[in-house]
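Peer 1: To start, I am sharing the structure in question, which I have written as structure tokens.
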Amino acid sequence: MTAVAIPGVDNAPTTHERLLSWVREVAELTTPEEVVWVDGSDEEWTRLTDQLVEAGTLTRLKQKPNSFWAASDPDDVARVEQRTFICSVDPEDAGPTNNWMDPAEMKTTMLDLYRGSMRGRTMYVIPFCMGPLTAEKPMLGLQITDSAYVVASMKIMTRMGTKALEAFTAPDGTERDYVPALHSLGAPLEPGEDDVPWPCNEEKYISQFPETREIWSYGSGYGGNALLGKKCYSLRIASVQGRDEGWLAEHMLILKLISPEKKVYYIAAAFPSACGKTNLAMLEPTIPGWKVETLGDDIAWMRFGKDGRLYAVNPEAGFFGVAPGTDYHTNPNAMRTIEKGNSIFTNVALTDDGDIWWEGMGEPPAHLTSWKKQDWTPDSDEPSSHPNSRYCTPMAQCPILAPEWDDPQGVPISAIFFGGRRADTIPLVTESRDWQHGTFMGATLSSETTAAAKGKVGVVRRDPMAMLPFIGYHAGDYFQHWIDTGKRADADKLPKIFYVNWFRRDENKKFLWPGFGENSRVLKWAIERLEGKAAAVETPIGYVPTADDLDLSGLDVSKEEIEAALKFDADEWRAELPLIDEWFDKMGAKLPTLLRAELDALKTRLSAE
Ligand code: GTP
Ligand code: MN
Ligand code: MN
């Protein structure tokens with residue numbers, strides 16, 4: 001067999017055998033025009049972004065330094081859950097919440113798709129690390145992609161390039177393991193064929209192979225489908241690694257709360273996509289004396305430390321935040337982060353003077369170029385920005401970044417918040433009785449669907465621990481893993497678990513709770529509960545504060561509204577029970593008996609109401 005010489009394939013700045021042979025294998029399969037080893041330098045960023053501007057994928061912004069506007073193909077705007085697969089050997093291991101396909105069958109199908117799929121394009125090799133490079137065991141990955149947009153985005157979102165590649169070899173000279181992550185847009189170019197600004201393919205596959213820790217993605221250039229370090233690695237594959245090794249990979253923000261007495265608390269919170277993680281992570285407290293610093297806005301890896309406490313690390317290095325609704329009122333720190341530049345904005349609107357705009361930024365300008373690249377005026381029928389449009393910006397630019405964000409030890413978590421988007425039933429905040437009850441809260445978490453994934457918006461669905469699209473194995477086993485985690489530490493060292501809902505509405509669909517910076521009042525109550533200082537009422541669903549238990553000083557909301565937001569309504573909860581039953585039945589024999597017992601106990605308490 002004569003191997004075709006592909007320019008660049010042998011320019012490898014490494015001698016890592018496994019890595020080299022995989023890169024060569026993929027190059028021979030996908031037949032790109034050339035192979036480029038990504039070094040992560042600023043020169044490389046400039047070269048790639050210039051090239052992307054030339055290709056029409058990016059437009060350079062005049063009003064923000066080193067920043068770019070991108071408009072995707074209108075059919076490539078969100079994660080594609082229907083096309084996401086967990087390819088475990090045994091279908092049972094994918095469970096009832098994932099799409100499953102046999103790994104061998106999936107590989108046969110995808111090998112066919114990949115064959116020649118990079119023709120006429122450049123194949124980029126991106127060594128990357130999720131979490132600090134200084135970790136004892138750095139969590140490495142190698143993404144191969146034919147998208148320069150993906151390379152630029154990965155520079156923002158991960159620690160990548162030469163510094164990551166160096167970590168592929170341990171100090172003792174041994175080759176470290178890594179997650180191979182293959183991505184192709186599925187848009188080969190024939191000789192002489194003109195490229196389109198956003199190449200992609202109608203046929204899409206986002207495949208995870210949990211046993212072999214591999215990721216194969218095809219057909220999409222959009223964030224969660226294409227930046228494979230994020231959801232594919234840091235949640236789907238990492239959740240399996242966590243199960244096997246005794247740690248947790250979660251869809252959680254990490255924040256540092258500093259009290260007026262300068263006491264420091266770290267909080268992790270899991271809300272489904274587009275339900276407020278990024279907002280809470282960068283919160284500006286409205287109550288005097290309290291301060292928030294940010295460590296992460298989307299993903300937390302949590303391991304027990306030597307002291308028996310649970311420590312969280314954010315595997316990412318950037319924010320990939322929902323743009324619409326973000327402004328100086330709702331999330332000033334996100335605005336300050338993007339103002340510094342070095343960012344990519346996808347599917348927002350472009351102003352005539354070369355800046356970005358989206359719904360929620362105040363009065364719209366008289367004219368915009370919409371995310372569909374059409375003329376837009378305030379009279380237009382459609383929003384100027386896609387509801388799932390995003391800013392991609394380096395975390396290091398965040399003005400309230402916690403100095404310890406890059407510490408490989410992570411930070412000890414005092415409280416975990418679960419939350420969803422529910423118009424009724426779920427009170428503003430409820431404290432769990434203990435870890436097991438908190439696990440029950442997380443396992444039964446529900447939320448109305450949003451634009452962050454393709455599909456209908458506004459439908460209530462169970463989204464356990466906000467991980468529904470991200471658990472890389474059987475959800476019942478995942479619940480058991482949570483319960484087991486609680487047994488591995490002393491109860492007083494475990495984080496306390498709370499359930500929040502910023503989205504309860506009145507009969508006119510108006511939010512009952514003002515949210516955003518005012519959520520600091522809920523954080524304060526939770527911290528005071530840890531300290532044994534705040535009061536609460538015991539209800540069948542857990543401990544709920546009254547309006548008097550919350551610090552509401554200076555808040556311009558009527559007491560009736562606060563009480564409605566906090567209300568435990570036994571009838572609403574009785575209506576919820578069959579939905580939880582149905583959800584648990586779906587888990588079959590893998591539902592932990594302790595969770596069934598939690599549900600039975602809830603039923604008993606509710607029937608006594
Ligand atoms: P992913 O990045 O997709 O995982 O989502 P996320 O959880 O980070 O969502 P994000 O913080 O970007 O929230 C997006 C939506 O939630 C926007 O529409 C916000 O306006 C809304 N939102 C966030 N916090 C609050 C709040 O406290 N109250 C209300 N009413 N809306 C909120
Ligand atoms: Mn997310
Ligand atoms: Mn977010």
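Chain labels follow the order of the structure tokens: the first chain is A, the next B, and so on; residue numbering restarts at 1 in every chain, and ligands are counted from 1 in their shown order.
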What's around A:Glu582 at 12 Å? Count only C-alpha atoms, leave out sequence neighbours fewer than 2 positions away in its own chain, and write the answer as a PyMOL selection string.
Peer 2: chain A and resi 444+461-462+576-580+584-588+591+596+599
Peer 1: Could you list the protein, DNA and RNA residues that have any atom within 8 Å of ligand 1, counting only C-alpha atoms and all ligand atoms, and write them as number ranges by chain?
Peer 2: A: 251, 253, 270-281, 297-298, 320-326, 330, 388, 452, 502-503, 511, 513-519
Peer 1: Looking at only C-alpha atoms, which of A:Asp581, A:Glu25, A:Glu136, A:Glu609 is the one that sits closest to A:Leu111?
Peer 2: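 Using only C-alpha atoms, A:Leu111 sits closest to A:Glu25.
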Peer 1: Please return as JSON, numbers by chain: the residues of stretch 307-423 of chain A that backbone DSSP assigns to strand (DSSP E or B).
Peer 2: {"A": [310, 311, 312, 313, 318, 319, 320, 321, 322, 344, 345, 346, 349, 350, 351, 356, 357, 368, 369, 375, 376, 390, 391, 392, 393, 394, 401, 411, 412, 413, 414, 415, 416, 417, 418, 419]}
Peer 1: Ranking A:Ala601, A:Ala536, A:Ala312, A:Leu52 by minimum distance to A:Pro132 and counting only C-alpha atoms, which one comes first?
Peer 2: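 The closest residue to A:Pro132 is A:Ala312.
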Peer 1: Please run DSSP on the backbone and report, as a ChimeraX atom specification, all residues within stretch 302-483 of chain A that come out as helix (DSSP H, G or I).
Peer 2: /A:332-339,395-397,403-406,435-443,464-466,475-483
Peer 1: For N, CA and C atoms, I'd like the residues from the last selection saved as an mmCIF file, in the first residue's frame.
Peer 2:
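Below you can see out_2.cif, which holds the result:
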data_model
loop_
_atom_site.group_PDB
_atom_site.id
_atom_site.type_symbol
_atom_site.label_atom_id
_atom_site.label_comp_id
_atom_site.auth_asym_id
_atom_site.auth_seq_id
_atom_site.Cartn_x
_atom_site.Cartn_y
_atom_site.Cartn_z
ATOM 1 N N PRO A 332 -23.653 42.566 33.806
ATOM 2 C CA PRO A 332 -22.628 43.568 33.494
ATOM 3 C C PRO A 332 -21.231 42.962 33.352
ATOM 4 N N ASN A 333 -20.933 41.923 34.124
ATOM 5 C CA ASN A 333 -19.577 41.369 34.057
ATOM 6 C C ASN A 333 -19.315 40.615 32.765
ATOM 7 N N ALA A 334 -20.373 40.023 32.191
ATOM 8 C CA ALA A 334 -20.202 39.400 30.872
ATOM 9 C C ALA A 334 -19.949 40.507 29.850
ATOM 10 N N MET A 335 -20.656 41.628 29.970
ATOM 11 C CA MET A 335 -20.463 42.737 29.032
ATOM 12 C C MET A 335 -19.036 43.276 29.129
ATOM 13 N N ARG A 336 -18.555 43.426 30.372
ATOM 14 C CA ARG A 336 -17.183 43.944 30.552
ATOM 15 C C ARG A 336 -16.154 42.957 29.998
ATOM 16 N N THR A 337 -16.470 41.666 30.092
ATOM 17 C CA THR A 337 -15.546 40.649 29.569
ATOM 18 C C THR A 337 -15.452 40.763 28.045
ATOM 19 N N ILE A 338 -16.595 40.891 27.386
ATOM 20 C CA ILE A 338 -16.551 40.924 25.909
ATOM 21 C C ILE A 338 -16.059 42.268 25.378
ATOM 22 N N GLU A 339 -16.274 43.341 26.163
ATOM 23 C CA GLU A 339 -15.781 44.662 25.728
ATOM 24 C C GLU A 339 -14.270 44.640 25.500
ATOM 25 N N MET A 395 -12.082 33.629 29.531
ATOM 26 C CA MET A 395 -12.386 33.820 30.959
ATOM 27 C C MET A 395 -11.431 34.795 31.621
ATOM 28 N N ALA A 396 -10.176 34.753 31.182
ATOM 29 C CA ALA A 396 -9.141 35.578 31.824
ATOM 30 C C ALA A 396 -9.499 37.062 31.765
ATOM 31 N N GLN A 397 -10.394 37.450 30.858
ATOM 32 C CA GLN A 397 -10.782 38.861 30.736
ATOM 33 C C GLN A 397 -11.893 39.264 31.704
ATOM 34 N N PRO A 403 -9.074 34.606 41.628
ATOM 35 C CA PRO A 403 -7.658 34.322 41.342
ATOM 36 C C PRO A 403 -7.353 32.825 41.326
ATOM 37 N N GLU A 404 -8.125 32.022 42.064
ATOM 38 C CA GLU A 404 -7.839 30.589 42.152
ATOM 39 C C GLU A 404 -8.470 29.774 41.015
ATOM 40 N N TRP A 405 -8.954 30.439 39.967
ATOM 41 C CA TRP A 405 -9.668 29.722 38.895
ATOM 42 C C TRP A 405 -8.796 28.687 38.187
ATOM 43 N N ASP A 406 -7.483 28.883 38.185
ATOM 44 C CA ASP A 406 -6.581 27.994 37.449
ATOM 45 C C ASP A 406 -5.868 27.024 38.397
ATOM 46 N N TRP A 435 -28.114 14.736 51.681
ATOM 47 C CA TRP A 435 -27.552 14.469 50.346
ATOM 48 C C TRP A 435 -28.492 13.605 49.504
ATOM 49 N N GLN A 436 -29.030 12.556 50.133
ATOM 50 C CA GLN A 436 -29.902 11.645 49.387
ATOM 51 C C GLN A 436 -31.164 12.363 48.888
ATOM 52 N N HIS A 437 -31.746 13.173 49.750
ATOM 53 C CA HIS A 437 -32.914 13.948 49.344
ATOM 54 C C HIS A 437 -32.526 14.973 48.265
ATOM 55 N N GLY A 438 -31.337 15.538 48.402
ATOM 56 C CA GLY A 438 -30.840 16.466 47.385
ATOM 57 C C GLY A 438 -30.637 15.759 46.047
ATOM 58 N N THR A 439 -30.158 14.515 46.117
ATOM 59 C CA THR A 439 -30.004 13.728 44.896
ATOM 60 C C THR A 439 -31.373 13.490 44.254
ATOM 61 N N PHE A 440 -32.370 13.251 45.083
ATOM 62 C CA PHE A 440 -33.745 13.098 44.582
ATOM 63 C C PHE A 440 -34.201 14.385 43.872
ATOM 64 N N MET A 441 -33.922 15.523 44.494
ATOM 65 C CA MET A 441 -34.279 16.801 43.862
ATOM 66 C C MET A 441 -33.612 16.927 42.488
ATOM 67 N N GLY A 442 -32.319 16.615 42.465
ATOM 68 C CA GLY A 442 -31.595 16.716 41.198
ATOM 69 C C GLY A 442 -32.120 15.736 40.171
ATOM 70 N N ALA A 443 -32.398 14.505 40.634
ATOM 71 C CA ALA A 443 -32.829 13.448 39.712
ATOM 72 C C ALA A 443 -34.204 13.735 39.120
ATOM 73 N N PRO A 464 -32.532 15.666 34.586
ATOM 74 C CA PRO A 464 -31.851 15.306 35.833
ATOM 75 C C PRO A 464 -30.514 16.026 35.977
ATOM 76 N N MET A 465 -30.329 16.692 37.080
ATOM 77 C CA MET A 465 -29.100 17.443 37.360
ATOM 78 C C MET A 465 -28.711 18.348 36.186
ATOM 79 N N ALA A 466 -29.696 18.742 35.349
ATOM 80 C CA ALA A 466 -29.440 19.544 34.140
ATOM 81 C C ALA A 466 -28.499 18.816 33.184
ATOM 82 N N ALA A 475 -28.874 6.666 32.950
ATOM 83 C CA ALA A 475 -29.245 7.678 33.943
ATOM 84 C C ALA A 475 -29.475 7.051 35.328
ATOM 85 N N GLY A 476 -29.987 5.815 35.368
ATOM 86 C CA GLY A 476 -30.197 5.144 36.657
ATOM 87 C C GLY A 476 -28.870 4.892 37.364
ATOM 88 N N ASP A 477 -27.861 4.485 36.595
ATOM 89 C CA ASP A 477 -26.519 4.285 37.168
ATOM 90 C C ASP A 477 -25.928 5.614 37.626
ATOM 91 N N TYR A 478 -26.248 6.650 36.868
ATOM 92 C CA TYR A 478 -25.760 7.994 37.218
ATOM 93 C C TYR A 478 -26.357 8.432 38.558
ATOM 94 N N PHE A 479 -27.645 8.159 38.773
ATOM 95 C CA PHE A 479 -28.257 8.495 40.068
ATOM 96 C C PHE A 479 -27.582 7.711 41.195
ATOM 97 N N GLN A 480 -27.320 6.428 40.908
ATOM 98 C CA GLN A 480 -26.657 5.595 41.918
ATOM 99 C C GLN A 480 -25.273 6.160 42.231
ATOM 100 N N HIS A 481 -24.593 6.642 41.192
ATOM 101 C CA HIS A 481 -23.259 7.222 41.391
ATOM 102 C C HIS A 481 -23.343 8.448 42.303
ATOM 103 N N TRP A 482 -24.381 9.235 42.136
ATOM 104 C CA TRP A 482 -24.580 10.399 43.020
ATOM 105 C C TRP A 482 -24.815 9.947 44.466
ATOM 106 N N ILE A 483 -25.650 8.927 44.626
ATOM 107 C CA ILE A 483 -25.927 8.439 45.984
ATOM 108 C C ILE A 483 -24.646 7.888 46.612
#
Peer 1: List the neighbours of A:Thr546 out to 12 Å using only C-alpha atoms; skip same-chain residues closer than 3 positions along the sequence, and give me the result as a list in words.
Peer 2: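 Contacts, in chain order: Pro427, Leu428, Val429, Thr430, Val522, Trp525, Ala534, Ala535, Ala536, Val537, Glu538, Thr539, Tyr543, Asp549, Leu550, Asp551, Leu552, Lys559, Glu560, Glu561, Ile562, Glu563, Ala564, Ala565, Leu566, Lys567 and Phe568 of chain A.
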Peer 1: What does the file look like for those residues with N, CA, C and O atoms, as a compact mmCIF listing (two decimals), in the first residue's frame?
Peer 2:
# COMPACT_ATOMS: atom_id res chain seq x y z
N PRO A 427 -40.90 26.17 44.20
CA PRO A 427 -40.65 27.44 44.91
C PRO A 427 -39.32 28.07 44.54
O PRO A 427 -38.42 27.39 44.05
N LEU A 428 -39.21 29.34 44.83
CA LEU A 428 -37.97 30.09 44.58
C LEU A 428 -36.75 29.35 45.11
O LEU A 428 -35.73 29.25 44.44
N VAL A 429 -36.86 28.84 46.35
CA VAL A 429 -35.74 28.05 46.88
C VAL A 429 -36.26 27.04 47.91
O VAL A 429 -37.17 27.34 48.70
N THR A 430 -35.68 25.84 47.86
CA THR A 430 -35.99 24.78 48.82
C THR A 430 -34.68 24.13 49.23
O THR A 430 -33.84 23.83 48.37
N VAL A 522 -31.05 35.02 47.70
CA VAL A 522 -31.24 33.58 47.88
C VAL A 522 -29.91 32.92 48.27
O VAL A 522 -29.87 32.05 49.15
N TRP A 525 -29.35 33.60 51.92
CA TRP A 525 -30.17 32.74 52.78
C TRP A 525 -29.56 31.33 52.87
O TRP A 525 -29.45 30.75 53.96
N ALA A 534 -30.22 31.16 59.54
CA ALA A 534 -31.49 31.59 58.93
C ALA A 534 -32.59 30.58 59.22
O ALA A 534 -32.34 29.39 59.40
N ALA A 535 -33.82 31.08 59.23
CA ALA A 535 -34.96 30.22 59.52
C ALA A 535 -35.58 29.71 58.22
O ALA A 535 -35.32 30.22 57.13
N ALA A 536 -36.42 28.67 58.36
CA ALA A 536 -37.15 28.11 57.23
C ALA A 536 -38.32 27.31 57.78
O ALA A 536 -38.36 26.98 58.96
N VAL A 537 -39.26 27.01 56.89
CA VAL A 537 -40.41 26.20 57.28
C VAL A 537 -40.21 24.81 56.69
O VAL A 537 -39.84 24.67 55.52
N GLU A 538 -40.46 23.80 57.50
CA GLU A 538 -40.36 22.45 56.96
C GLU A 538 -41.64 22.12 56.21
O GLU A 538 -42.74 22.22 56.75
N THR A 539 -41.50 21.77 54.93
CA THR A 539 -42.66 21.39 54.11
C THR A 539 -42.42 19.96 53.61
O THR A 539 -41.31 19.44 53.76
N TYR A 543 -37.07 22.30 53.14
CA TYR A 543 -37.13 23.53 53.93
C TYR A 543 -37.26 24.74 53.02
O TYR A 543 -36.41 24.97 52.17
N ASP A 549 -37.87 35.39 56.17
CA ASP A 549 -36.57 34.74 56.35
C ASP A 549 -35.53 35.24 55.34
O ASP A 549 -34.34 35.04 55.53
N LEU A 550 -36.00 35.84 54.24
CA LEU A 550 -35.07 36.34 53.23
C LEU A 550 -34.74 37.80 53.53
O LEU A 550 -35.57 38.54 54.05
N ASP A 551 -33.52 38.20 53.18
CA ASP A 551 -33.14 39.62 53.27
C ASP A 551 -33.74 40.32 52.04
O ASP A 551 -33.26 40.14 50.92
N LEU A 552 -34.81 41.09 52.26
CA LEU A 552 -35.49 41.75 51.14
C LEU A 552 -35.30 43.27 51.20
O LEU A 552 -35.99 44.02 50.50
N LYS A 559 -44.88 42.04 48.86
CA LYS A 559 -44.76 40.84 49.69
C LYS A 559 -45.60 39.70 49.11
O LYS A 559 -45.20 38.53 49.17
N GLU A 560 -46.74 40.04 48.49
CA GLU A 560 -47.60 39.01 47.89
C GLU A 560 -46.84 38.27 46.79
O GLU A 560 -46.93 37.04 46.69
N GLU A 561 -46.11 39.03 45.99
CA GLU A 561 -45.36 38.39 44.90
C GLU A 561 -44.26 37.48 45.46
O GLU A 561 -44.06 36.37 44.97
N ILE A 562 -43.56 37.96 46.48
CA ILE A 562 -42.50 37.14 47.09
C ILE A 562 -43.13 35.86 47.66
O ILE A 562 -42.60 34.75 47.46
N GLU A 563 -44.26 36.03 48.33
CA GLU A 563 -44.90 34.85 48.91
C GLU A 563 -45.36 33.87 47.83
O GLU A 563 -45.26 32.66 47.98
N ALA A 564 -45.83 34.42 46.72
CA ALA A 564 -46.25 33.55 45.60
C ALA A 564 -45.04 32.83 45.01
O ALA A 564 -45.13 31.67 44.60
N ALA A 565 -43.89 33.53 44.97
CA ALA A 565 -42.67 32.90 44.44
C ALA A 565 -42.19 31.79 45.37
O ALA A 565 -41.65 30.78 44.91
N LEU A 566 -42.39 31.97 46.67
CA LEU A 566 -41.89 31.02 47.66
C LEU A 566 -42.87 29.89 47.97
O LEU A 566 -42.53 28.93 48.65
N LYS A 567 -44.07 30.01 47.44
CA LYS A 567 -45.15 29.14 47.89
C LYS A 567 -44.91 27.65 47.62
O LYS A 567 -44.55 27.26 46.51
N PHE A 568 -45.10 26.86 48.68
CA PHE A 568 -45.22 25.42 48.47
C PHE A 568 -46.71 25.15 48.29
O PHE A 568 -47.51 25.42 49.18
Peer 1: What's the 12 Å shell around A:His16, counting only C-alpha atoms, without same-chain residues fewer than 4 positions away, as a list in words?
Peer 2: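 Skipping anything fewer than 4 positions along the chain leaves Ala12, Leu20, Ser21, Trp22, Val23, Pro127, Leu142, Leu165, Glu166, Ala167, Phe168, Thr169, Ala170, Gly173, Thr174, Glu175, Arg176, Asp177 and Tyr178 of chain A.
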Peer 1: Grab the residues selected above and save them as a compact mmCIF listing (two decimals), in the first residue's frame with N, CA, C and O atoms.
Peer 2:
# COMPACT_ATOMS: atom_id res chain seq x y z
N ALA A 12 5.01 16.95 12.60
CA ALA A 12 4.55 16.82 13.98
C ALA A 12 5.59 17.32 14.97
O ALA A 12 6.72 16.84 14.96
N LEU A 20 0.74 10.30 16.80
CA LEU A 20 1.21 10.39 15.42
C LEU A 20 0.49 9.41 14.51
O LEU A 20 0.08 9.76 13.40
N SER A 21 0.30 8.20 14.99
CA SER A 21 -0.29 7.20 14.10
C SER A 21 -1.78 7.52 13.88
O SER A 21 -2.30 7.32 12.79
N TRP A 22 -2.42 8.10 14.89
CA TRP A 22 -3.84 8.45 14.71
C TRP A 22 -4.00 9.60 13.72
O TRP A 22 -4.86 9.57 12.83
N VAL A 23 -3.13 10.59 13.83
CA VAL A 23 -3.21 11.73 12.92
C VAL A 23 -3.01 11.27 11.47
O VAL A 23 -3.75 11.64 10.56
N PRO A 127 -3.93 19.91 19.91
CA PRO A 127 -3.75 19.31 21.23
C PRO A 127 -4.39 20.25 22.26
O PRO A 127 -4.17 21.46 22.19
N LEU A 142 -7.13 15.40 21.89
CA LEU A 142 -6.57 15.81 20.60
C LEU A 142 -7.75 15.93 19.65
O LEU A 142 -8.39 14.94 19.33
N LEU A 165 0.39 20.28 24.11
CA LEU A 165 1.10 19.14 23.51
C LEU A 165 2.24 18.67 24.40
O LEU A 165 2.49 17.47 24.52
N GLU A 166 2.92 19.62 25.03
CA GLU A 166 4.03 19.25 25.92
C GLU A 166 3.55 18.33 27.04
O GLU A 166 4.27 17.42 27.46
N ALA A 167 2.30 18.53 27.48
CA ALA A 167 1.77 17.72 28.58
C ALA A 167 1.44 16.29 28.13
O ALA A 167 1.18 15.42 28.96
N PHE A 168 1.46 16.03 26.81
CA PHE A 168 1.20 14.67 26.33
C PHE A 168 2.32 13.71 26.75
O PHE A 168 2.15 12.50 26.70
N THR A 169 3.46 14.28 27.10
CA THR A 169 4.55 13.45 27.60
C THR A 169 4.77 13.80 29.07
O THR A 169 4.98 14.96 29.41
N ALA A 170 4.67 12.80 29.93
CA ALA A 170 4.83 13.02 31.37
C ALA A 170 6.28 13.35 31.68
O ALA A 170 7.17 13.04 30.88
N GLY A 173 8.81 10.89 30.95
CA GLY A 173 9.00 10.50 29.56
C GLY A 173 7.92 9.58 29.00
O GLY A 173 7.90 9.31 27.80
N THR A 174 7.02 9.09 29.85
CA THR A 174 5.98 8.21 29.33
C THR A 174 4.90 9.00 28.59
O THR A 174 4.68 10.18 28.87
N GLU A 175 4.25 8.32 27.65
CA GLU A 175 3.19 8.95 26.87
C GLU A 175 1.91 8.95 27.67
O GLU A 175 1.47 7.91 28.16
N ARG A 176 1.31 10.11 27.80
CA ARG A 176 0.05 10.18 28.55
C ARG A 176 -1.12 9.82 27.63
O ARG A 176 -1.07 9.99 26.42
N ASP A 177 -2.19 9.38 28.26
CA ASP A 177 -3.43 9.08 27.57
C ASP A 177 -4.14 10.36 27.18
O ASP A 177 -3.97 11.38 27.84
N TYR A 178 -4.94 10.30 26.14
CA TYR A 178 -5.73 11.47 25.77
C TYR A 178 -7.02 10.99 25.10
O TYR A 178 -7.13 9.83 24.70
Peer 1: Choose the residue, out of A:Gly246, A:Pro592, A:Pro171, A:Gly229, that has the smallest atom-to-atom separation from A:Val151; count only C-alpha atoms.
Peer 2: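 Closest residue, counting only C-alpha atoms: A:Gly229.
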Peer 1: Skipping near chain neighbours, those fewer than 4 positions away, what residues fall within 7 Å of A:Glu33 using only C-alpha atoms, listed as a compact mmCIF listing (two decimals) with N, CA and C atoms, in the first residue's frame?
Peer 2:
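Output contents, as saved in result-v5.txt:
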# COMPACT_ATOMS: atom_id res chain seq x y z
N ILE A 6 0.63 13.65 2.45
CA ILE A 6 -0.19 14.84 2.64
C ILE A 6 0.68 15.91 3.28
N ARG A 119 -11.48 16.72 1.78
CA ARG A 119 -10.92 17.03 0.47
C ARG A 119 -10.99 18.53 0.19
N GLY A 120 -9.87 19.10 -0.22
CA GLY A 120 -9.85 20.53 -0.55
C GLY A 120 -9.75 21.44 0.66
N ARG A 121 -9.72 20.84 1.85
CA ARG A 121 -9.64 21.67 3.08
C ARG A 121 -8.35 21.38 3.85
N THR A 122 -8.12 22.20 4.86
CA THR A 122 -7.00 21.99 5.76
C THR A 122 -7.46 21.16 6.94
Peer 1: Kindly indicate which residue among A:Gly341, A:Pro469, A:Pro288, A:Gly354 lies nearest to ligand 2, using only C-alpha atoms and all ligand atoms for the distances.
Peer 2: A:Pro469
